[in-house]
Amino acid sequence: MSEELVFRFKVDGDDFTSAGQASVQVKKNLRQLGLSAEVIKRVSVAMYEGEINMVIHAGGGDAEVRVSEDYIEIVLDDKGPGIKNIDLAMQEGYSTASDTIRSLGFGAGMGLPNMRKYTDYMDIQSEIGVGTKIVMRVNC
Amino acid sequence: MTVNELISTGYFKPVSLPSPNREIVGAYVGDLLSWVMGRAEADNAWITIMSNVNVIAVATLTDVSCVILAEGVSLDGEVLSVALEKGVNVLSCELPLYEAAIKLGGMI
Ligand SMILES: Nc1ncnc2c1ncn2[C@@H]1O[C@H](COP(=O)(O)OP(=O)(O)O)[C@@H](O)[C@H]1O
Ligand SMILES: [Mg+2]
């Protein structure tokens, strides 16, 4: 791979039924590129958690996945409410999700911790009332 | 054991069966999607009581060989059509989660 490949997705904020679609598509694309099962699994988990967070916490957003020689980079950008306390949000089990969201199986407070655990690099930029931008990388 | 062979034991009924010959290797039990995303392995059977459409996305992403709905939980028609479209096997049983896991564990 000499050229950088980029996949872009709009993540719909009010459609639970399609939540996860971008991640499913990314997984398919990475498989076609012949990446290892381990790398694909890590990208899938990180991307899915980030995608779901944009749907349940931020009203949707944009996702971008770049495939370069050394790593897969996932960039998630939303114009949601922002994260007040990132350290707190990163703790396992911390969640502000509503009961309705929980009844769907989300809101375990494991999303951000999983994203950190499954990636080699993760950076969160968030501003209250402006939005959140998360960059993650998985080395391949 | 394949998903089809599991069904032929009579304890688990097919709900959606687009890939009957998938091999079952190990299992995972859980309802919180983040846990399942992080812990379930490819080819596991995933036993759960969750049946909304997000289960199908998680099953696709984790590449489990089948979803087993325990406790008599059923799929609504819309979710079923997504499962078929995405090629996700879904079985169901009347057994409570624990008994379903024990039953499955004794066979795979
Ligand atoms: N994109 C986002 N925009 C605003 N808040 C977010 C975003 N992502 C995460 N959060 C906040 O961080 C918390 C923890 O996130 P996470 O670990 O994924 O747990 P969960 O999604 O299960 O609540 C969320 O409950 C929410 O308050
Ligand atoms: Mg989350």
# chains A, B, ... in the order shown; residues from 1 in each chain; ligands from 1
>>> residues_near_ligand(ligand="ligand 1", cutoff="6 Å", atoms="only C-alpha atoms and all ligand atoms", output="list in words")
Asn53, Met54, His57, Ala58, Gly80, Pro81, Gly82, Ile83, Ala89, Met90, Tyr94, Ser95, Thr96, Ala97, Phe106, Gly107, Ala108, Gly109, Met110, Gly111, Leu112, Pro113 and Thr132 of chain A
>>> interface_residues(of="chain B", to="chain A", cutoff="9 Å", atoms="only C-alpha atoms", output="PyMOL selection string")
chain B and resi 31-35+37-38+50-55+57-58+60-62+79
>>> closest_residue(among="B:Val73, B:Cys93, B:Ala83, B:Ile102", to="Val29 in chain B", atoms="only C-alpha atoms")
B:Ile102
>>> select_by_dssp(residues="chain B", states="helix (DSSP H, G or I)", output="ChimeraX atom specification")
/B:3-8,33-39,53-62,77-86,97-105
>>> closest_residue(among="A:Val55, A:Ile74, A:Leu33, A:Val138", to="ligand 2", atoms="only C-alpha atoms and all ligand atoms")
A:Val55
>>> select_by_dssp(residues="range 8-95 of chain A", states="strand (DSSP E or B)", output="count of residues only")
21
>>> atom_distance(atom1="CA of Ser8 in chain B", atom2="CA of Asp63 in chain B")
22.3 Å
>>> residues_around(residues="Glu64 in chain A", least_positions_apart="2", cutoff="12 Å", atoms="only C-alpha atoms", output="VMD selection string")
chain A and resid 5 to 11 22 to 23 25 to 26 47 50 to 51 61 to 62 66 to 67 72 to 78 133 to 137
>>> residues_around(residues="Ser74 in chain B", least_positions_apart="3", cutoff="12 Å", atoms="only C-alpha atoms", output="list in words")
Lys13, Pro14, Val15, Ser16, Thr48, Ile49, Met50, Ser51, Asn52, Val67, Ile68, Leu69, Ala70, Glu71, Gly77, Glu78, Val79, Leu80, Val90, Leu91, Ser92, Cys93 and Glu94 of chain B
>>> atom_distance(atom1="CA of Gly34 in chain A", atom2="CA of Ala63 in chain A")
21.6 Å
>>> atom_distance(atom1="CA of Ala45 in chain B", atom2="CA of Val39 in chain A")
21.7 Å
>>> closest_residue(among="A:Glu38, A:Glu92, A:Glu69, A:Asp99", to="Thr119 in chain A", atoms="only C-alpha atoms")
A:Glu38
